[in-house]
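Shown next: start_37.cif, containing mmCIF, C-alpha atoms and all ligand atoms.
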```
data_entry
#
loop_
_atom_site.group_PDB
_atom_site.id
_atom_site.type_symbol
_atom_site.label_atom_id
_atom_site.label_comp_id
_atom_site.auth_asym_id
_atom_site.auth_seq_id
_atom_site.Cartn_x
_atom_site.Cartn_y
_atom_site.Cartn_z
ATOM 1 C CA MET R 1 49.338 124.499 68.316
ATOM 2 C CA ARG R 2 49.676 125.720 64.777
ATOM 3 C CA SER R 3 47.536 128.600 63.581
ATOM 4 C CA ALA R 4 44.226 127.819 61.936
ATOM 5 C CA TYR R 5 43.871 130.933 59.976
ATOM 6 C CA ASN R 6 46.146 130.319 57.031
ATOM 7 C CA THR R 7 44.335 127.114 56.183
ATOM 8 C CA PHE R 8 40.733 127.882 57.042
ATOM 9 C CA ASN R 9 40.021 131.171 55.360
ATOM 10 C CA LEU R 10 36.456 132.412 55.578
ATOM 11 C CA GLU R 11 37.225 134.828 52.735
ATOM 12 C CA ASN R 12 37.184 131.789 50.448
ATOM 13 C CA SER R 13 33.429 131.669 50.984
ATOM 14 C CA VAL R 14 32.533 133.985 48.116
ATOM 15 C CA GLU R 15 29.061 134.909 46.913
ATOM 16 C CA GLN R 16 28.246 134.081 43.289
ATOM 17 C CA LYS R 17 25.188 134.637 41.138
ATOM 18 C CA LEU R 18 23.467 131.544 39.766
ATOM 19 C CA ASP R 19 21.869 131.664 36.331
ATOM 20 C CA PHE R 20 19.022 129.287 35.571
ATOM 21 C CA PRO R 21 16.198 129.968 33.090
ATOM 22 C CA LEU R 22 13.688 129.477 35.928
ATOM 23 C CA PHE R 23 15.124 132.424 37.853
ATOM 24 C CA LEU R 24 14.834 134.710 34.827
ATOM 25 C CA GLU R 25 11.299 133.540 34.137
ATOM 26 C CA LYS R 26 10.194 134.210 37.719
ATOM 27 C CA GLY R 27 12.138 137.461 38.057
ATOM 28 C CA VAL R 28 14.193 136.403 41.076
ATOM 29 C CA GLU R 29 17.925 136.693 41.636
ATOM 30 C CA VAL R 30 19.637 133.764 43.321
ATOM 31 C CA PHE R 31 23.120 133.866 44.795
ATOM 32 C CA ILE R 32 25.129 131.136 46.473
ATOM 33 C CA LYS R 33 27.505 131.574 49.414
ATOM 34 C CA ARG R 34 30.304 129.107 48.891
ATOM 35 C CA ASP R 35 31.038 127.820 52.398
ATOM 36 C CA ASP R 36 32.015 124.638 50.553
ATOM 37 C CA LEU R 37 35.163 126.495 49.459
ATOM 38 C CA ILE R 38 36.402 127.206 53.001
ATOM 39 C CA HIS R 39 38.383 123.944 52.815
ATOM 40 C CA PRO R 40 38.001 120.795 50.668
ATOM 41 C CA ILE R 41 37.458 118.541 53.706
ATOM 42 C CA VAL R 42 36.748 120.840 56.657
ATOM 43 C CA SER R 43 34.032 122.447 54.624
ATOM 44 C CA GLY R 44 30.997 124.555 55.141
ATOM 45 C CA ASN R 45 29.325 124.921 58.480
ATOM 46 C CA LYS R 46 31.593 122.288 60.023
ATOM 47 C CA TRP R 47 34.560 124.665 60.163
ATOM 48 C CA ARG R 48 32.317 127.439 61.495
ATOM 49 C CA LYS R 49 31.084 125.092 64.226
ATOM 50 C CA LEU R 50 34.570 123.850 65.115
ATOM 51 C CA LYS R 51 36.315 127.202 65.164
ATOM 52 C CA TYR R 52 35.383 128.421 68.668
ATOM 53 C CA ASN R 53 35.451 124.904 70.074
ATOM 54 C CA ILE R 54 39.082 124.691 69.010
ATOM 55 C CA ILE R 55 39.871 128.172 70.300
ATOM 56 C CA LYS R 56 38.331 127.226 73.654
ATOM 57 C CA ALA R 57 40.287 123.960 73.783
ATOM 58 C CA GLN R 58 43.427 125.945 73.029
ATOM 59 C CA THR R 59 42.820 128.467 75.830
ATOM 60 C CA GLU R 60 42.290 125.554 78.220
ATOM 61 C CA ASN R 61 45.576 124.016 77.048
ATOM 62 C CA LYS R 62 43.864 120.913 75.737
ATOM 63 C CA ASN R 63 45.239 119.318 72.599
ATOM 64 C CA HIS R 64 42.984 116.295 72.167
ATOM 65 C CA LEU R 65 39.571 116.799 70.553
ATOM 66 C CA VAL R 66 37.100 114.036 71.413
ATOM 67 C CA THR R 67 33.906 113.995 69.408
ATOM 68 C CA PHE R 68 31.001 111.945 68.084
ATOM 69 C CA GLY R 69 29.219 111.088 64.866
ATOM 70 C CA GLY R 70 27.682 108.533 62.556
ATOM 71 C CA ALA R 71 29.740 106.644 59.992
ATOM 72 C CA TYR R 72 28.860 109.289 57.373
ATOM 73 C CA SER R 73 29.475 112.306 59.566
ATOM 74 C CA ASN R 74 30.916 115.398 57.896
ATOM 75 C CA HIS R 75 31.701 116.657 61.386
ATOM 76 C CA LEU R 76 33.826 113.661 62.369
ATOM 77 C CA LEU R 77 35.904 113.916 59.215
ATOM 78 C CA ALA R 78 36.209 117.697 59.534
ATOM 79 C CA THR R 79 37.471 117.273 63.107
ATOM 80 C CA ALA R 80 39.997 114.631 62.005
ATOM 81 C CA CYS R 81 41.363 116.861 59.247
ATOM 82 C CA ALA R 82 41.366 120.052 61.334
ATOM 83 C CA GLY R 83 43.249 118.159 64.043
ATOM 84 C CA ALA R 84 45.880 117.064 61.535
ATOM 85 C CA VAL R 85 46.259 120.625 60.215
ATOM 86 C CA LEU R 86 46.507 122.155 63.688
ATOM 87 C CA GLY R 87 48.606 119.515 65.416
ATOM 88 C CA LEU R 88 45.822 118.267 67.692
ATOM 89 C CA LYS R 89 45.040 114.669 68.607
ATOM 90 C CA THR R 90 41.532 113.551 67.682
ATOM 91 C CA THR R 91 39.246 110.749 68.803
ATOM 92 C CA GLY R 92 35.893 109.995 67.205
ATOM 93 C CA PHE R 93 33.196 107.824 68.768
ATOM 94 C CA VAL R 94 31.306 106.292 65.843
ATOM 95 C CA ARG R 95 27.676 105.260 66.262
ATOM 96 C CA GLY R 96 26.840 101.644 65.395
ATOM 97 C CA GLU R 97 29.489 98.931 65.399
ATOM 98 C CA GLU R 98 27.548 96.681 63.049
ATOM 99 C CA GLU R 99 29.056 98.306 59.982
ATOM 100 C CA VAL R 100 32.324 96.406 59.959
ATOM 101 C CA GLU R 101 33.959 97.821 56.846
ATOM 102 C CA ASP R 102 35.243 101.393 56.845
ATOM 103 C CA ASN R 103 33.471 103.623 54.357
ATOM 104 C CA HIS R 104 35.227 106.554 52.674
ATOM 105 C CA TYR R 105 34.489 108.853 55.621
ATOM 106 C CA LEU R 106 36.084 106.542 58.184
ATOM 107 C CA PHE R 107 38.955 105.719 55.835
ATOM 108 C CA LEU R 108 39.793 109.429 55.498
ATOM 109 C CA SER R 109 39.266 110.144 59.207
ATOM 110 C CA ARG R 110 41.777 107.434 60.116
ATOM 111 C CA LEU R 111 44.156 108.700 57.436
ATOM 112 C CA TYR R 112 44.121 112.109 59.120
ATOM 113 C CA GLY R 113 45.100 110.337 62.327
ATOM 114 C CA MET R 114 41.802 110.127 64.157
ATOM 115 C CA ASN R 115 41.471 107.390 66.765
ATOM 116 C CA ILE R 116 38.133 105.770 65.868
ATOM 117 C CA ILE R 117 36.117 104.044 68.593
ATOM 118 C CA ARG R 118 33.022 102.220 67.374
ATOM 119 C CA VAL R 119 30.225 101.952 69.894
ATOM 120 C CA THR R 120 26.749 100.454 69.820
ATOM 121 C CA ARG R 121 23.762 102.665 69.165
ATOM 122 C CA ALA R 122 22.678 102.106 72.771
ATOM 123 C CA ASP R 123 26.017 103.209 74.250
ATOM 124 C CA TYR R 124 26.228 106.115 71.825
ATOM 125 C CA LYS R 125 23.102 107.675 73.316
ATOM 126 C CA ASP R 126 24.925 108.880 76.421
ATOM 127 C CA LYS R 127 27.909 110.801 75.101
ATOM 128 C CA HIS R 128 29.068 112.179 78.424
ATOM 129 C CA THR R 129 29.180 108.712 79.959
ATOM 130 C CA LEU R 130 31.214 107.451 77.025
ATOM 131 C CA TYR R 131 33.549 110.407 77.245
ATOM 132 C CA ASN R 132 34.091 109.924 80.971
ATOM 133 C CA GLN R 133 34.559 106.189 80.577
ATOM 134 C CA TYR R 134 37.519 106.715 78.259
ATOM 135 C CA PHE R 135 38.863 110.175 78.990
ATOM 136 C CA ALA R 136 37.918 111.216 82.537
ATOM 137 C CA THR R 137 41.577 111.048 83.539
ATOM 138 C CA ASP R 138 43.052 112.530 80.335
ATOM 139 C CA PRO R 139 43.854 116.183 81.135
ATOM 140 C CA SER R 140 44.407 116.939 77.447
ATOM 141 C CA ALA R 141 40.944 115.736 76.330
ATOM 142 C CA TYR R 142 38.332 118.245 75.223
ATOM 143 C CA PHE R 143 34.678 117.294 74.612
ATOM 144 C CA VAL R 144 33.211 118.496 71.310
ATOM 145 C CA ASP R 145 29.528 117.657 70.965
ATOM 146 C CA GLU R 146 28.125 115.776 67.983
ATOM 147 C CA GLY R 147 28.115 118.000 64.911
ATOM 148 C CA GLY R 148 30.055 120.675 66.820
ATOM 149 C CA SER R 149 26.742 121.900 68.238
ATOM 150 C CA GLY R 150 26.506 124.127 71.286
ATOM 151 C CA THR R 151 27.348 127.696 72.270
ATOM 152 C CA GLU R 152 30.739 127.755 70.526
ATOM 153 C CA GLY R 153 29.311 126.203 67.368
ATOM 154 C CA GLU R 154 26.487 128.709 67.146
ATOM 155 C CA MET R 155 28.897 131.570 67.752
ATOM 156 C CA GLY R 156 30.940 130.485 64.748
ATOM 157 C CA CYS R 157 27.834 130.257 62.568
ATOM 158 C CA SER R 158 26.547 133.666 63.664
ATOM 159 C CA GLU R 159 29.634 135.289 62.110
ATOM 160 C CA LEU R 160 28.516 134.312 58.623
ATOM 161 C CA VAL R 161 26.151 137.273 58.352
ATOM 162 C CA THR R 162 28.961 139.788 58.893
ATOM 163 C CA GLU R 163 30.623 138.561 55.697
ATOM 164 C CA LEU R 164 27.674 139.216 53.394
ATOM 165 C CA GLN R 165 28.440 141.417 50.406
ATOM 166 C CA SER R 166 24.891 142.541 49.784
ATOM 167 C CA LYS R 167 21.500 142.951 51.471
ATOM 168 C CA TYR R 168 19.477 139.860 50.606
ATOM 169 C CA ASP R 169 15.740 139.518 51.109
ATOM 170 C CA CYS R 170 16.133 135.872 52.114
ATOM 171 C CA LEU R 171 18.860 133.549 53.320
ATOM 172 C CA LEU R 172 18.226 129.850 52.820
ATOM 173 C CA LEU R 173 20.002 126.740 54.082
ATOM 174 C CA ALA R 174 19.657 123.046 54.896
ATOM 175 C CA ILE R 175 18.824 122.075 58.488
ATOM 176 C CA GLY R 176 20.107 119.033 60.374
ATOM 177 C CA THR R 177 20.360 119.659 64.112
ATOM 178 C CA GLY R 178 19.380 123.282 63.533
ATOM 179 C CA ALA R 179 22.496 124.655 65.223
ATOM 180 C CA THR R 180 23.741 126.414 62.096
ATOM 181 C CA ILE R 181 20.496 128.179 61.305
ATOM 182 C CA GLY R 182 20.055 129.040 65.003
ATOM 183 C CA GLY R 183 23.488 130.663 65.002
ATOM 184 C CA ILE R 184 22.720 132.582 61.821
ATOM 185 C CA ALA R 185 19.415 133.788 63.302
ATOM 186 C CA ASN R 186 21.378 135.139 66.289
ATOM 187 C CA GLY R 187 23.848 136.801 63.955
ATOM 188 C CA LEU R 188 21.050 138.566 62.075
ATOM 189 C CA LYS R 189 19.573 139.823 65.349
ATOM 190 C CA LEU R 190 22.926 140.977 66.753
ATOM 191 C CA ASN R 191 23.645 142.916 63.568
ATOM 192 C CA SER R 192 20.096 144.294 63.193
ATOM 193 C CA MET R 193 19.720 142.670 59.783
ATOM 194 C CA SER R 194 16.234 141.995 58.520
ATOM 195 C CA SER R 195 16.795 139.256 55.913
ATOM 196 C CA LYS R 196 14.224 136.500 56.172
ATOM 197 C CA LEU R 197 15.719 133.165 57.187
ATOM 198 C CA ILE R 198 14.444 129.991 55.520
ATOM 199 C CA GLY R 199 15.356 126.447 56.516
ATOM 200 C CA ILE R 200 14.900 123.312 54.445
ATOM 201 C CA ASP R 201 14.618 120.376 56.831
ATOM 202 C CA VAL R 202 16.545 117.292 55.698
ATOM 203 C CA LEU R 203 14.993 115.196 58.480
ATOM 204 C CA LYS R 204 11.473 113.891 58.488
ATOM 205 C CA GLY R 205 8.763 114.797 60.951
ATOM 206 C CA ILE R 206 10.682 116.914 63.455
ATOM 207 C CA GLU R 207 8.971 119.721 65.332
ATOM 208 C CA ARG R 208 11.290 122.629 65.839
ATOM 209 C CA PRO R 209 9.468 125.205 67.948
ATOM 210 C CA GLU R 210 12.732 126.844 69.041
ATOM 211 C CA LEU R 211 13.434 127.739 65.404
ATOM 212 C CA THR R 212 9.950 128.744 64.274
ATOM 213 C CA ASN R 213 9.502 130.846 67.434
ATOM 214 C CA SER R 214 12.570 132.857 66.504
ATOM 215 C CA GLY R 215 11.045 133.821 63.159
ATOM 216 C CA ILE R 216 12.669 131.194 60.949
ATOM 217 C CA GLU R 217 10.485 129.908 58.111
ATOM 218 C CA LEU R 218 10.761 126.117 57.988
ATOM 219 C CA PHE R 219 9.941 123.834 55.065
ATOM 220 C CA SER R 220 9.561 120.201 55.995
ATOM 221 C CA ASP R 221 8.402 118.696 52.684
ATOM 222 C CA TYR R 222 11.801 118.265 51.078
ATOM 223 C CA HIS R 223 13.291 115.421 53.160
ATOM 224 C CA PHE R 224 12.669 112.748 50.464
ATOM 225 C CA GLY R 225 11.718 110.148 53.055
ATOM 226 C CA GLY R 226 14.114 111.127 55.826
ATOM 227 C CA TYR R 227 17.749 111.755 56.653
ATOM 228 C CA GLY R 228 20.035 110.301 53.964
ATOM 229 C CA LYS R 229 17.080 109.143 51.850
ATOM 230 C CA TYR R 230 16.716 110.200 48.227
ATOM 231 C CA SER R 231 14.752 109.464 45.081
ATOM 232 C CA ASN R 232 15.510 109.320 41.360
ATOM 233 C CA GLU R 233 13.960 112.743 41.064
ATOM 234 C CA LEU R 234 16.530 114.124 43.503
ATOM 235 C CA LEU R 235 19.377 112.368 41.682
ATOM 236 C CA GLU R 236 18.186 113.830 38.352
ATOM 237 C CA PHE R 237 18.075 117.248 39.970
ATOM 238 C CA ILE R 238 21.645 116.837 41.261
ATOM 239 C CA LYS R 239 22.804 115.999 37.729
ATOM 240 C CA TYR R 240 20.996 119.002 36.296
ATOM 241 C CA PHE R 241 22.372 121.380 38.924
ATOM 242 C CA VAL R 242 25.961 120.131 38.984
ATOM 243 C CA SER R 243 26.328 119.910 35.195
ATOM 244 C CA ASN R 244 24.968 123.430 34.749
ATOM 245 C CA THR R 245 27.015 125.133 37.478
ATOM 246 C CA GLY R 246 30.173 123.115 38.120
ATOM 247 C CA ILE R 247 29.217 123.298 41.798
ATOM 248 C CA LEU R 248 28.886 119.984 43.640
ATOM 249 C CA ILE R 249 25.925 119.341 45.893
ATOM 250 C CA ASP R 250 25.118 116.197 47.859
ATOM 251 C CA GLN R 251 21.966 114.140 48.337
ATOM 252 C CA VAL R 252 21.972 114.427 52.151
ATOM 253 C CA TYR R 253 21.943 118.198 52.611
ATOM 254 C CA THR R 254 22.570 120.744 49.892
ATOM 255 C CA ALA R 255 20.656 119.015 47.056
ATOM 256 C CA LYS R 256 17.533 118.955 49.226
ATOM 257 C CA MET R 257 17.990 122.656 49.910
ATOM 258 C CA PHE R 258 18.368 123.528 46.223
ATOM 259 C CA PHE R 259 15.530 121.237 45.214
ATOM 260 C CA GLY R 260 13.355 123.017 47.771
ATOM 261 C CA LEU R 261 14.504 126.416 46.552
ATOM 262 C CA PHE R 262 13.709 125.609 42.906
ATOM 263 C CA ASP R 263 10.316 124.249 43.914
ATOM 264 C CA LEU R 264 9.458 127.310 46.009
ATOM 265 C CA ILE R 265 10.468 129.593 43.121
ATOM 266 C CA LYS R 266 8.264 127.546 40.759
ATOM 267 C CA LYS R 267 5.353 127.969 43.175
ATOM 268 C CA ASP R 268 5.878 131.762 43.271
ATOM 269 C CA TYR R 269 6.745 131.739 46.962
ATOM 270 C CA PHE R 270 9.207 134.582 46.343
ATOM 271 C CA GLY R 271 7.989 137.879 44.912
ATOM 272 C CA ARG R 272 9.426 139.222 41.655
ATOM 273 C CA GLY R 273 12.630 141.122 42.277
ATOM 274 C CA SER R 274 13.540 139.021 45.326
ATOM 275 C CA GLN R 275 17.223 138.572 46.047
ATOM 276 C CA ILE R 276 17.855 135.191 47.598
ATOM 277 C CA LEU R 277 21.079 133.833 49.042
ATOM 278 C CA ALA R 278 21.416 130.050 49.290
ATOM 279 C CA ILE R 279 24.146 128.987 51.696
ATOM 280 C CA HIS R 280 26.170 125.998 50.461
ATOM 281 C CA THR R 281 26.984 124.341 53.789
ATOM 282 C CA GLY R 282 29.617 122.005 52.278
ATOM 283 C CA GLY R 283 29.554 118.249 52.767
ATOM 284 C CA ASN R 284 30.324 117.373 49.154
ATOM 285 C CA LEU R 285 32.002 114.056 49.978
ATOM 286 C CA GLY R 286 28.547 112.708 50.781
ATOM 287 C CA ILE R 287 27.962 112.310 47.042
ATOM 288 C CA LEU R 288 30.535 109.488 46.947
ATOM 289 C CA SER R 289 28.160 107.317 48.974
ATOM 290 C CA LEU R 290 26.219 106.968 45.705
ATOM 291 C CA VAL R 291 29.117 105.203 43.967
ATOM 292 C CA GLN R 292 28.308 101.514 43.708
HETATM 293 C C1 LIG K 301 26.003 119.089 59.211
HETATM 294 C C2 LIG K 301 25.499 119.704 57.948
HETATM 295 C C3 LIG K 301 24.329 120.475 57.886
HETATM 296 C C4 LIG K 301 23.414 120.639 59.065
HETATM 297 O O1 LIG K 301 23.855 121.560 60.012
HETATM 298 P P1 LIG K 301 23.080 121.681 61.394
HETATM 299 O O2 LIG K 301 23.826 122.726 62.145
HETATM 300 O O3 LIG K 301 23.166 120.339 62.065
HETATM 301 O O4 LIG K 301 21.677 122.057 61.134
HETATM 302 C C5 LIG K 301 23.976 121.050 56.673
HETATM 303 N N1 LIG K 301 24.727 120.856 55.574
HETATM 304 C C6 LIG K 301 25.841 120.114 55.585
HETATM 305 C C7 LIG K 301 26.576 119.920 54.326
HETATM 306 C C8 LIG K 301 26.275 119.508 56.767
HETATM 307 O O5 LIG K 301 27.374 118.743 56.759
#
```

For the structure just supplied, provide its representation as structure tokens.
Ligand SMILES: *Cc1c(COP(=O)(O)O)cnc(C)c1O
Amino acid sequence: MRSAYNTFNLENSVEQKLDFPLFLEKGVEVFIKRDDLIHPIVSGNKWRKLKYNIIKAQTENKNHLVTFGGAYSNHLLATACAGAVLGLKTTGFVRGEEEVEDNHYLFLSRLYGMNIIRVTRADYKDKHTLYNQYFATDPSAYFVDEGGSGTEGEMGCSELVTELQSKYDCLLLAIGTGATIGGIANGLKLNSMSSKLIGIDVLKGIERPELTNSGIELFSDYHFGGYGKYSNELLEFIKYFVSNTGILIDQVYTAKMFFGLFDLIKKDYFGRGSQILAIHTGGNLGILSLVQ
């Protein structure tokens, strides 16, 4: 297997200061950690979550990553691309066979050489059964859970805190499964760092006791109707943010985080003098779903 480390360089994830009039007015300093710059396709938390899965596959001499996702999954595409870079075979089980046409995610995943298997929503529910049905007898196959979640995924995410260039009062990021923020919470604990951790939930109506019990502050009012849903207000915000920074954000994850951050600053949630780090978790290709 080829080495990952020339291509996926965590040092590309720099921290930059953001300047908006609102921040000046409220006396807060906002920085962004550019995990979106780790790689144009294998971006953000998806490389962090894949890293130790791939290392584990490698130590077990397995060269075929088998994973799972929806038709708009950043994880599926990241796995396809990482496999192409590293010389690994990839298979992706895609939830829901009713969408007949490939979208841009599936087009790119196939281009990177991923074997796509579409399954019904019902079959998709039991991933281990699916895996065993197709790959029980393939000694090279390695199971990577949906989104790269699990022990290895969280380990990769926990490393993020060791890269930080400054002591921030708060770290803030978008939450899907919660694996990334869970990993970061572990990283803070392991390194005795006291930054407050804030999650903006992009899903609607999910209780997450495992996160709130570990001291994470959760905001669940910025989902805009649920996963993948958005409003004109969110689209206007994306335009405002992108045209004033040159930094892409997407309507599924990072725009909801930044919208939430701006709103919390407006409502004086953060004290004057606060230093806040927003983590850009990548996923910029999601914005292309808005193209008619
Ligand atoms: C997958 C993803 C998330 C959510 O990460 P979880 O570990 O599932 O909480 C956030 N942002 C982007 C851009 C993603 O692709």

Give me the range 117-146 of chain R side of the contact with range 89-107 of chain R, cut-off 8 Å, one line per residue showing its nearest atom pair and distance in Å at one decimal, counting all atoms listed in the file, sorted by chain and residue number, as a Markdown table.
```
| residue | atom | partner | partner_atom | distance |
| --- | --- | --- | --- | --- |
| R:Ile117 | CA | R:Phe93 | CA | 4.8 |
| R:Arg118 | CA | R:Val94 | CA | 4.7 |
| R:Val119 | CA | R:Glu97 | CA | 5.5 |
| R:Thr120 | CA | R:Gly96 | CA | 4.6 |
| R:Arg121 | CA | R:Gly96 | CA | 5.0 |
| R:Tyr124 | CA | R:Arg95 | CA | 5.8 |
```

Original post:
Given a cut-off of 7 Å, what residues near ligand LIG 301 (chain K) show up using all atoms listed in the file, put as a list in words?
Top reply: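 Taking all atoms listed in the file into account, the residues around ligand LIG 301 (chain K) at most 7 Å away are Gly44, Asn45, Lys46, Asn74, His75, Gly147, Ser149, Ala174, Ile175, Gly176, Thr177, Gly178, Ala179, Thr180, Ile181, Tyr253, Thr254, Thr281, Gly282, Gly283 and Asn284 of chain R.
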
Subject >> Polymer residues at most 9 Å from Lys17 in chain R, only C-alpha atoms, same-chain spacing of 3 or more positions, as a list in words >> reply: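 Near Lys17 in chain R, the qualifying residues are Glu29, Val30, Phe31, Ile32 and Leu277 of chain R.
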
Written file, previous selection with C-alpha atoms, as a PDB file, keeping the file's coordinate frame:
```
ATOM      1  CA  GLU R  29      17.925 136.693  41.636  1.00  0.00           C
ATOM      2  CA  VAL R  30      19.637 133.764  43.321  1.00  0.00           C
ATOM      3  CA  PHE R  31      23.120 133.866  44.795  1.00  0.00           C
ATOM      4  CA  ILE R  32      25.129 131.136  46.473  1.00  0.00           C
ATOM      5  CA  LEU R 277      21.079 133.833  49.042  1.00  0.00           C
TER       6      LEU R 277
END
```

**OP:** One decimal, Å: what's the distance from CA of Gly205 in chain R over to CA of Lys256 in chain R, could you say?
**Re:** 15.2 Å

Original post:
Please, what distance in Å, to one decimal, runs between CA of His128 in chain R and CA of Thr79 in chain R?
Top reply: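 Answer for the CA of His128 in chain R to CA of Thr79 in chain R separation: 18.2 Å.
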
Original post:
Can you tell me, as number ranges by chain, what residues are no more than 12 Å from Leu190 in chain R when counting all atoms listed in the file, ignoring any on the same chain fewer than 6 positions away?
Top reply: R: 155, 158-162, 183-184

Original post:
CA of Ile276 in chain R to CA of Leu171 in chain R: how many Å, to one decimal?
Top reply: 6.0 Å

**OP:** Taking the file as shown, find all residues satisfying the PyMOL selection byres (((chain R and resi 234) around 10) and not hetatm) and write them as a PyMOL selection string.
**Re:** chain R and resi 222+224+229-233+235-240+250-251+255-256+258-259

Subject >> Ground truth for the PyMOL selection byres (((chain R and resi 56) around 12) and not hetatm), written as a PyMOL selection string >> reply: chain R and resi 50-55+57-65+142-144+151-153+155

Original post:
Using all atoms listed in the file, which residues sit within 12 Å of His39 in chain R once same-chain residues fewer than 6 positions away are excluded, as a PyMOL selection string?
Top reply: chain R and resi 4-13+45-48+78+81-82+85+281-284

**OP:** Apply the PyMOL selection byres (((chain R and resi 268-275) around 6) and not hetatm) to the structure shown and report the selected residues as a ChimeraX atom specification.
**Re:** /R:27-29,168-169,264-267,276

Any chance you can output those residues with C-alpha atoms as a CSV table (one decimal), in the frame of the given file?
```csv
chain,number,residue,atom,x,y,z
R,27,GLY,CA,12.1,137.5,38.1
R,28,VAL,CA,14.2,136.4,41.1
R,29,GLU,CA,17.9,136.7,41.6
R,168,TYR,CA,19.5,139.9,50.6
R,169,ASP,CA,15.7,139.5,51.1
R,264,LEU,CA,9.5,127.3,46.0
R,265,ILE,CA,10.5,129.6,43.1
R,266,LYS,CA,8.3,127.5,40.8
R,267,LYS,CA,5.4,128.0,43.2
R,276,ILE,CA,17.9,135.2,47.6
```

Subject >> Option closest in space to Ala80 in chain R, from R:Leu111, R:Ile279, R:Val252, R:Leu22 [counting only C-alpha atoms] >> reply: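 Nearest to Ala80 in chain R: R:Leu111.
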
Original post:
If we count all atoms listed in the file, what is near range 210-219 of chain R at a cut-off of 7 Å, once residues fewer than 3 positions away on the same chain are taken out, given as a list in words?
Top reply: Gly182, Leu197, Ile198, Gly199, Ile200 and Asp201 of chain R

**OP:** Find the residues near Lys127 in chain R: any atom within 9 Å, counting only C-alpha atoms, skip ones fewer than 3 places away on the same chain, and give them as a list in words.
**Re:**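 These residues fall inside the cut-off: Thr67, Phe68, Phe93, Asp123, Tyr124, Leu130, Tyr131, Asn132, Asp145 and Glu146 of chain R.
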
Serialized selection, C-alpha atoms, as a short mmCIF file (atom, residue, chain, number, x, y, z; two decimals), in the frame of the given file:
```cif
data_model
loop_
_atom_site.label_atom_id
_atom_site.label_comp_id
_atom_site.auth_asym_id
_atom_site.auth_seq_id
_atom_site.Cartn_x
_atom_site.Cartn_y
_atom_site.Cartn_z
CA THR R 67 33.91 114.00 69.41
CA PHE R 68 31.00 111.94 68.08
CA PHE R 93 33.20 107.82 68.77
CA ASP R 123 26.02 103.21 74.25
CA TYR R 124 26.23 106.12 71.82
CA LEU R 130 31.21 107.45 77.03
CA TYR R 131 33.55 110.41 77.24
CA ASN R 132 34.09 109.92 80.97
CA ASP R 145 29.53 117.66 70.96
CA GLU R 146 28.12 115.78 67.98
#
```

Subject >> Minimum-distance residue to Lys26 in chain R, chosen among R:Glu154, R:Gly87, R:Phe262, R:Ser243 (using all atoms listed in the file) >> reply: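 The answer is R:Phe262, which sits nearest to Lys26 in chain R.
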